[in-house]
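S.K.: See entry.txt below, with compact mmCIF, C-alpha atoms (C1' of nucleotides).
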```
# COMPACT_ATOMS: atom_id res chain seq x y z
CA MET A 1 118.12 106.20 79.96
CA LYS A 2 121.39 107.13 78.41
CA LYS A 3 124.42 107.29 80.60
CA GLU A 4 125.01 110.93 79.91
CA LYS A 5 121.55 111.79 81.06
CA GLN A 6 121.95 109.71 84.15
CA GLU A 7 124.99 111.66 85.18
CA ARG A 8 123.21 114.90 84.72
CA SER A 9 120.33 113.70 86.77
CA GLU A 10 122.61 112.79 89.61
CA ALA A 11 124.12 116.22 89.60
CA CYS A 12 120.65 117.72 89.76
CA ASN A 13 119.67 115.44 92.53
CA HIS A 14 122.74 116.36 94.47
CA THR A 15 122.01 120.04 94.17
CA LEU A 16 118.40 119.56 95.12
CA LEU A 17 119.41 117.78 98.28
CA ALA A 18 121.78 120.60 99.09
CA ILE A 19 119.04 123.13 98.55
CA ARG A 20 116.83 121.15 100.83
CA ASP A 21 119.48 121.13 103.54
CA THR A 22 119.98 124.85 103.39
CA MET A 23 116.31 125.67 103.39
CA GLU A 24 115.80 123.44 106.35
CA LEU A 25 118.33 125.38 108.36
CA LEU A 26 116.83 128.66 107.26
CA SER A 27 113.27 127.56 107.85
CA GLY A 28 111.03 129.71 109.94
CA LYS A 29 109.57 133.08 109.34
CA TRP A 30 112.47 135.02 110.80
CA LYS A 31 115.75 133.16 110.49
CA VAL A 32 117.00 134.81 107.35
CA GLN A 33 116.14 138.24 108.64
CA ILE A 34 117.89 137.52 111.90
CA ILE A 35 121.01 136.31 110.19
CA GLY A 36 120.87 139.21 107.80
CA THR A 37 120.64 141.64 110.66
CA LEU A 38 123.52 140.07 112.50
CA ILE A 39 125.66 139.98 109.40
CA MET A 40 125.06 143.67 108.89
CA THR A 41 125.71 144.61 112.46
CA GLU A 42 127.92 142.22 114.33
CA LYS A 43 126.83 142.02 117.92
CA LEU A 44 123.44 143.17 119.13
CA LYS A 45 121.67 142.89 122.42
CA PHE A 46 118.55 140.79 122.47
CA MET A 47 116.17 143.71 122.66
CA ASP A 48 117.97 145.66 119.98
CA LEU A 49 117.90 142.66 117.74
CA LYS A 50 114.21 142.35 118.40
CA ARG A 51 113.64 145.98 117.53
CA THR A 52 115.78 145.80 114.44
CA VAL A 53 114.11 142.76 113.01
CA GLY A 54 110.79 144.37 113.74
CA GLY A 55 107.56 142.56 114.28
CA ILE A 56 108.96 139.46 115.88
CA GLY A 57 107.92 138.50 119.39
CA ALA A 58 110.38 137.76 122.14
CA LYS A 59 109.50 134.13 122.31
CA MET A 60 109.96 133.59 118.59
CA LEU A 61 113.23 135.47 118.54
CA SER A 62 114.49 133.46 121.43
CA LYS A 63 113.52 130.20 119.80
CA GLU A 64 114.95 130.99 116.40
CA LEU A 65 118.18 132.18 117.96
CA GLN A 66 118.53 128.92 119.81
CA GLU A 67 118.17 126.97 116.62
CA LEU A 68 120.69 129.19 114.90
CA GLU A 69 123.06 128.75 117.81
CA ILE A 70 122.74 124.98 117.62
CA ASN A 71 123.74 125.18 114.00
CA GLN A 72 126.71 127.31 114.94
CA LEU A 73 125.53 130.26 112.94
CA VAL A 74 125.25 132.70 115.81
CA LYS A 75 127.08 133.11 119.07
CA ARG A 76 125.39 133.95 122.32
CA THR A 77 127.14 135.84 125.08
CA VAL A 78 125.71 136.55 128.49
CA CYS A 79 126.85 139.87 129.85
CA ASN A 80 127.53 140.50 133.48
CA THR A 81 124.94 143.15 134.03
CA LYS A 82 122.05 143.55 136.37
CA PRO A 83 119.58 142.51 135.20
CA ILE A 84 121.19 140.07 132.86
CA THR A 85 121.79 141.04 129.24
CA VAL A 86 122.59 138.87 126.27
CA GLU A 87 124.44 139.71 123.12
CA TYR A 88 124.23 137.89 119.84
CA GLU A 89 126.63 137.96 116.98
CA ILE A 90 127.23 136.07 113.79
CA THR A 91 129.87 133.38 113.92
CA GLU A 92 132.62 132.88 111.41
CA TYR A 93 130.67 130.00 110.02
CA GLY A 94 127.55 132.10 109.94
CA LYS A 95 129.39 134.55 107.76
CA SER A 96 129.62 131.88 105.14
CA LEU A 97 125.97 132.61 104.54
CA GLN A 98 126.77 136.14 103.58
CA LYS A 99 126.55 135.60 99.85
CA VAL A 100 123.28 133.77 100.18
CA ILE A 101 121.78 136.51 102.29
CA TYR A 102 123.14 139.17 100.06
CA GLU A 103 121.58 137.62 96.97
CA ILE A 104 118.28 137.25 98.71
CA GLY A 105 118.33 140.88 99.71
CA ALA A 106 119.45 142.06 96.32
CA TRP A 107 116.74 140.09 94.60
CA GLY A 108 114.14 141.54 96.91
CA VAL A 109 115.27 145.03 96.08
CA GLN A 110 115.09 144.52 92.36
CA HIS A 111 111.80 142.69 92.75
CA ARG A 112 110.24 145.80 94.22
CA LYS A 113 111.43 147.71 91.22
CA HIS A 114 109.99 145.04 88.99
CA LEU A 115 106.60 145.34 90.64
CA PHE A 116 106.81 149.07 90.42
CA ASN A 117 107.54 148.98 86.71
CA SER A 118 105.13 146.29 85.67
CA THR A 119 101.86 147.45 87.16
CA SER A 120 100.34 150.63 88.36
CA GLU A 121 98.25 149.07 91.05
CA TYR A 122 100.97 146.98 92.54
CA VAL A 123 100.94 146.08 96.14
CA LEU A 124 104.01 146.64 98.19
CA LEU A 125 104.17 144.07 100.88
CA ASN A 126 105.96 144.69 104.09
CA GLU A 127 105.69 148.40 103.95
CA LYS A 128 107.48 150.02 106.82
CA GLU A 129 105.13 148.85 109.46
CA ASP A 130 106.06 149.39 113.00
CA THR A 131 109.48 150.68 112.34
CA THR A 132 109.69 152.40 115.64
CA GLY A 133 112.96 150.59 115.92
CA VAL A 134 115.99 152.36 117.17
CA PHE A 135 119.22 150.97 115.91
CA GLN A 136 121.95 150.80 118.41
CA THR A 137 124.73 149.16 116.59
CA CYS A 138 123.32 149.05 113.13
CA MET B 1 121.17 159.31 117.38
CA LYS B 2 123.83 160.67 115.12
CA LYS B 3 122.93 161.27 111.52
CA GLU B 4 125.50 158.85 110.25
CA LYS B 5 124.02 156.08 112.31
CA GLN B 6 120.55 156.92 111.18
CA GLU B 7 121.51 156.53 107.56
CA ARG B 8 123.03 153.19 108.23
CA SER B 9 119.97 152.05 110.06
CA GLU B 10 117.80 152.99 107.12
CA ALA B 11 119.95 151.01 104.77
CA CYS B 12 119.64 148.02 107.05
CA ASN B 13 115.96 148.42 107.31
CA HIS B 14 115.65 148.62 103.57
CA THR B 15 117.58 145.42 103.10
CA LEU B 16 115.60 143.64 105.77
CA LEU B 17 112.38 144.53 104.06
CA ALA B 18 113.77 143.23 100.80
CA ILE B 19 114.79 140.00 102.47
CA ARG B 20 111.32 139.68 103.86
CA ASP B 21 109.79 140.14 100.44
CA THR B 22 111.96 137.50 98.87
CA MET B 23 111.40 134.98 101.60
CA GLU B 24 107.70 135.51 101.37
CA LEU B 25 107.70 134.60 97.71
CA LEU B 26 109.87 131.59 98.38
CA SER B 27 107.90 130.46 101.40
CA GLY B 28 106.69 126.93 101.53
CA LYS B 29 108.49 123.70 101.86
CA TRP B 30 109.05 123.15 98.16
CA LYS B 31 109.23 126.41 96.25
CA VAL B 32 112.97 126.76 96.16
CA GLN B 33 113.42 123.18 95.12
CA ILE B 34 110.86 123.56 92.39
CA ILE B 35 112.47 126.70 91.05
CA GLY B 36 115.86 125.09 91.30
CA THR B 37 114.68 122.11 89.35
CA LEU B 38 113.13 124.23 86.65
CA ILE B 39 116.20 126.42 86.40
CA MET B 40 118.32 123.33 85.88
CA THR B 41 116.03 121.76 83.35
CA GLU B 42 113.87 124.20 81.46
CA LYS B 43 110.53 122.62 80.73
CA LEU B 44 109.23 119.59 82.55
CA LYS B 45 105.91 117.83 82.55
CA PHE B 46 104.00 117.89 85.79
CA MET B 47 104.70 114.28 86.65
CA ASP B 48 108.36 114.53 85.78
CA LEU B 49 108.67 117.60 87.91
CA LYS B 50 107.00 115.74 90.71
CA ARG B 51 109.41 112.85 90.36
CA THR B 52 112.42 115.09 90.12
CA VAL B 53 111.61 117.12 93.18
CA GLY B 54 110.99 113.91 95.02
CA GLY B 55 108.76 113.51 98.02
CA ILE B 56 106.22 116.15 97.15
CA GLY B 57 102.59 115.23 96.68
CA ALA B 58 100.60 116.19 93.62
CA LYS B 59 98.40 118.57 95.49
CA MET B 60 101.28 120.44 97.02
CA LEU B 61 103.14 120.65 93.77
CA SER B 62 100.08 121.96 92.05
CA LYS B 63 99.50 124.57 94.70
CA GLU B 64 103.06 125.78 94.87
CA LEU B 65 103.23 125.98 91.10
CA GLN B 66 100.16 128.15 91.04
CA GLU B 67 101.69 130.55 93.48
CA LEU B 68 104.89 130.65 91.48
CA GLU B 69 102.91 131.27 88.33
CA ILE B 70 101.06 134.15 89.93
CA ASN B 71 104.39 135.69 90.74
CA GLN B 72 105.50 135.21 87.16
CA LEU B 73 108.32 132.93 88.08
CA VAL B 74 107.13 129.90 86.15
CA LYS B 75 105.14 129.46 82.99
CA ARG B 76 102.45 126.85 82.57
CA THR B 77 101.61 125.38 79.21
CA VAL B 78 98.77 122.99 78.55
CA CYS B 79 99.62 120.48 75.85
CA ASN B 80 97.14 119.16 73.37
CA THR B 81 97.33 115.54 74.35
CA LYS B 82 94.85 113.00 75.51
CA PRO B 83 94.63 112.95 78.40
CA ILE B 84 95.76 116.45 78.99
CA THR B 85 99.38 117.17 79.86
CA VAL B 86 100.95 120.24 81.34
CA GLU B 87 104.46 121.54 81.02
CA TYR B 88 106.18 123.93 83.36
CA GLU B 89 109.19 126.04 82.71
CA ILE B 90 111.02 128.88 84.34
CA THR B 91 110.25 132.34 83.02
CA GLU B 92 112.78 134.94 82.11
CA TYR B 93 111.94 136.69 85.32
CA GLY B 94 112.26 133.46 87.22
CA LYS B 95 115.77 133.15 85.92
CA SER B 96 116.64 136.27 87.83
CA LEU B 97 116.53 134.02 90.86
CA GLN B 98 119.32 131.93 89.48
CA LYS B 99 122.05 133.47 91.59
CA VAL B 100 119.97 133.15 94.73
CA ILE B 101 119.25 129.53 94.06
CA TYR B 102 122.81 128.84 93.12
CA GLU B 103 124.12 130.29 96.34
CA ILE B 104 121.64 128.32 98.36
CA GLY B 105 122.69 125.13 96.66
CA ALA B 106 126.36 125.90 96.95
CA TRP B 107 126.05 126.64 100.62
CA GLY B 108 124.22 123.41 101.20
CA VAL B 109 126.98 121.49 99.51
CA GLN B 110 129.72 123.03 101.57
CA HIS B 111 127.61 122.69 104.68
CA ARG B 112 127.59 118.94 104.26
CA LYS B 113 131.34 119.02 104.07
CA HIS B 114 131.41 121.16 107.17
CA LEU B 115 129.33 118.65 109.08
CA PHE B 116 131.46 115.86 107.80
CA ASN B 117 134.63 117.54 108.97
CA SER B 118 133.48 118.84 112.31
CA THR B 119 131.97 115.81 113.95
CA SER B 120 132.14 112.08 113.66
CA GLU B 121 128.61 111.45 114.71
CA TYR B 122 127.04 113.97 112.40
CA VAL B 123 123.65 113.43 110.99
CA LEU B 124 123.09 113.83 107.33
CA LEU B 125 119.61 115.06 106.74
CA ASN B 126 117.78 114.37 103.57
CA GLU B 127 119.69 111.31 102.68
CA LYS B 128 118.62 109.99 99.34
CA GLU B 129 115.23 108.83 100.41
CA ASP B 130 112.87 107.73 97.78
CA THR B 131 114.98 108.68 94.88
CA THR B 132 113.20 106.38 92.58
CA GLY B 133 112.94 109.41 90.41
CA VAL B 134 113.61 109.11 86.74
CA PHE B 135 114.81 112.27 85.12
CA GLN B 136 113.39 112.89 81.74
CA THR B 137 114.71 116.24 80.80
CA CYS B 138 117.13 116.83 83.58
C1' DC C 1 116.21 141.74 130.58
C1' DA C 2 116.09 137.22 128.70
C1' DG C 3 113.61 133.46 128.12
C1' DG C 4 110.64 129.46 129.83
C1' DA C 5 105.82 127.68 130.37
C1' DT C 6 101.01 127.75 128.86
C1' DC C 7 97.53 128.17 126.01
C1' DC C 8 95.38 129.14 121.74
C1' DT C 9 94.83 130.20 116.72
C1' DT C 10 96.15 129.68 112.28
C1' DT C 11 98.52 127.81 108.67
C1' DA C 12 100.98 124.22 106.33
C1' DC C 13 101.07 119.93 104.86
C1' DG C 14 99.52 115.47 103.32
C1' DA C 15 96.34 111.31 102.20
C1' DT C 16 92.44 110.10 99.81
C1' DA C 17 88.90 110.21 96.62
C1' DC C 18 86.88 112.37 92.63
C1' DT C 19 86.43 114.75 87.74
C1' DG C 20 87.21 116.65 82.84
C1' DC D 1 97.08 113.33 83.50
C1' DA D 2 96.45 117.39 86.06
C1' DG D 3 94.14 119.11 88.92
C1' DT D 4 90.15 120.17 92.78
C1' DA D 5 87.68 119.11 96.99
C1' DT D 6 87.49 117.40 101.55
C1' DC D 7 89.28 116.17 105.55
C1' DG D 8 92.51 115.42 109.33
C1' DT D 9 96.90 116.13 111.61
C1' DA D 10 100.92 118.47 112.82
C1' DA D 11 103.56 122.30 113.09
C1' DA D 12 104.25 127.19 113.28
C1' DG D 13 103.34 131.31 115.19
C1' DG D 14 101.79 134.51 118.70
C1' DA D 15 99.82 136.53 123.28
C1' DT D 16 100.30 136.45 128.03
C1' DC D 17 102.04 135.55 132.37
C1' DC D 18 105.96 134.27 135.26
C1' DT D 19 110.83 134.07 137.19
C1' DG D 20 116.07 134.50 138.16
```
If you took the structure in this file and wrote it as structure tokens, what would it be?
M.R.:
Amino acid sequence: MKKEKQERSEACNHTLLAIRDTMELLSGKWKVQIIGTLIMTEKLKFMDLKRTVGGIGAKMLSKELQELEINQLVKRTVCNTKPITVEYEITEYGKSLQKVIYEIGAWGVQHRKHLFNSTSEYVLLNEKEDTTGVFQTC
Amino acid sequence: MKKEKQERSEACNHTLLAIRDTMELLSGKWKVQIIGTLIMTEKLKFMDLKRTVGGIGAKMLSKELQELEINQLVKRTVCNTKPITVEYEITEYGKSLQKVIYEIGAWGVQHRKHLFNSTSEYVLLNEKEDTTGVFQTC
DNA sequence: CAGGATCCTTTACGATACTG
DNA sequence: CAGTATCGTAAAGGATCCTG
């Protein structure tokens, strides 16, 4: 293998590892949506977050939020109410994911258009399902 | 709910659906890495792709590639060799994911730096494991 | 309300062996 | 070589009940 090629391959490898890292943090059915929601809203109560994300169960939301908190992407604040209430917000570090999330969202939007334009019998996934959600802060 | 708020909530909802769509297409442990690899290389034989991605089994790779092909993100070409050989490359449409993939990679890179700077006993995931990989086209 | 504990179902993933 | 088929395991996801 020529040296030039070797260098290129190392750059690739490096990027692939980075991709792997990121995807590991964002793994799980809901993480990206949660982060996206929090980036768009800044500070939501647990139940509002649940409603906004839509479709996620309380246990899942709770679990995913814990993982995100461990990775310093979201901040959890317990409010002094009765009964207890918890607010979640994106951290400064979490905001560094903004571009990533934005691109993902933007691609999704144009992808729908693509489907719409390329076939007549397309299937739109994730059609507004149970969007009974009320947005408090969003 | 005030009208203004309602509009905002619909915009959010729209974006969240889009995010969901994208993540659905990119679901699976390897899809993003595969696309990333193909975006960086343009045209790889099955085995080379397998080596480049690193760690993935043949069955998985095959399956993920099929799903990507169905979504028109990669193109599969059977070569007239003996025994048969198959080449994969990113499609034009697949290239539309370039920005997404780039941002994911870039974030992963800076995230490593973040870990490095914020703690002394950090854990680097995905350390070069079995990178016995030889890059042919990459 | 937030979230832990349990239990259960369903995928995802992977190792192995086999075929054109 | 590039898959497919089969099987087994592990993880993810979800429903329900329970408590401070």
S.K.: Just to confirm, what's the straight-line distance from atom C1' of DG3 of chain D to atom C1' of DC13 of chain C in Å (one decimal)?
M.R.: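 The value is 17.4 Å.
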S.K.: Please determine the contact residues of chain B with respect to chain D at a cut-off of 7 Å, counting all atoms listed in the file, and supply them as JSON, numbers by chain.
M.R.: {"B": [83, 84, 85]}
S.K.: How close does each residue of chain A get to chain C, giving the shortest atom pair and distance in Å to one decimal for every residue with an atom at most 10 Å away, counting all atoms listed in the file, sorted by chain and residue number, as a Markdown table?
M.R.:
```
| residue | atom | partner | partner_atom | distance |
| --- | --- | --- | --- | --- |
| A:Lys45 | CA | C:DC1 | C1' | 9.9 |
| A:Phe46 | CA | C:DA2 | C1' | 7.6 |
| A:Met47 | CA | C:DC1 | C1' | 8.2 |
| A:Ala58 | CA | C:DG3 | C1' | 8.0 |
| A:Lys59 | CA | C:DG3 | C1' | 7.1 |
| A:Leu61 | CA | C:DG3 | C1' | 9.8 |
| A:Ser62 | CA | C:DG3 | C1' | 6.7 |
| A:Lys63 | CA | C:DG3 | C1' | 8.9 |
| A:Val78 | CA | C:DA2 | C1' | 9.6 |
| A:Thr81 | CA | C:DC1 | C1' | 9.5 |
| A:Lys82 | CA | C:DC1 | C1' | 8.4 |
| A:Pro83 | CA | C:DC1 | C1' | 5.8 |
| A:Ile84 | CA | C:DC1 | C1' | 5.7 |
| A:Thr85 | CA | C:DC1 | C1' | 5.8 |
| A:Val86 | CA | C:DA2 | C1' | 7.1 |
```
S.K.: For the atom pair atom CA of Lys113 of chain B and atom CA of Trp30 of chain B, what is the interatomic distance in Å to one decimal place?
M.R.: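 These atoms are spaced 23.4 Å apart.
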S.K.: Would you mind reading off the distance between atom CA of Ile19 of chain A and atom CA of Leu44 of chain B, one decimal, in Å?
M.R.: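 Between these atoms lies a distance of 19.1 Å.
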S.K.: Please determine, counting all atoms listed in the file, which residue among B:Leu115, B:His14, B:Gly105, B:Ile39 has the shortest atom-to-atom distance to chain A.
M.R.: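 Using all atoms listed in the file, the shortest distance to chain A belongs to B:Gly105.
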S.K.: Which residue gives the smallest distance to chain B among A:Ile56, A:Leu68, A:Ala18, A:Met23, with all atoms listed in the file counted?
M.R.: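 With all atoms listed in the file as the atom set, the closest residue is A:Ala18.
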S.K.: From the options A:Asn117, A:Glu42, A:Val109, A:Glu87, which residue's atoms come nearest to chain B, counting only C-alpha atoms?
M.R.: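 Among the listed residues, A:Val109 lies closest to chain B.
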S.K.: Select, from A:Glu69, A:Ser118, A:Lys75, A:His111, the residue with the minimum atom-to-atom distance to chain B, counting all atoms listed in the file.
M.R.: A:His111
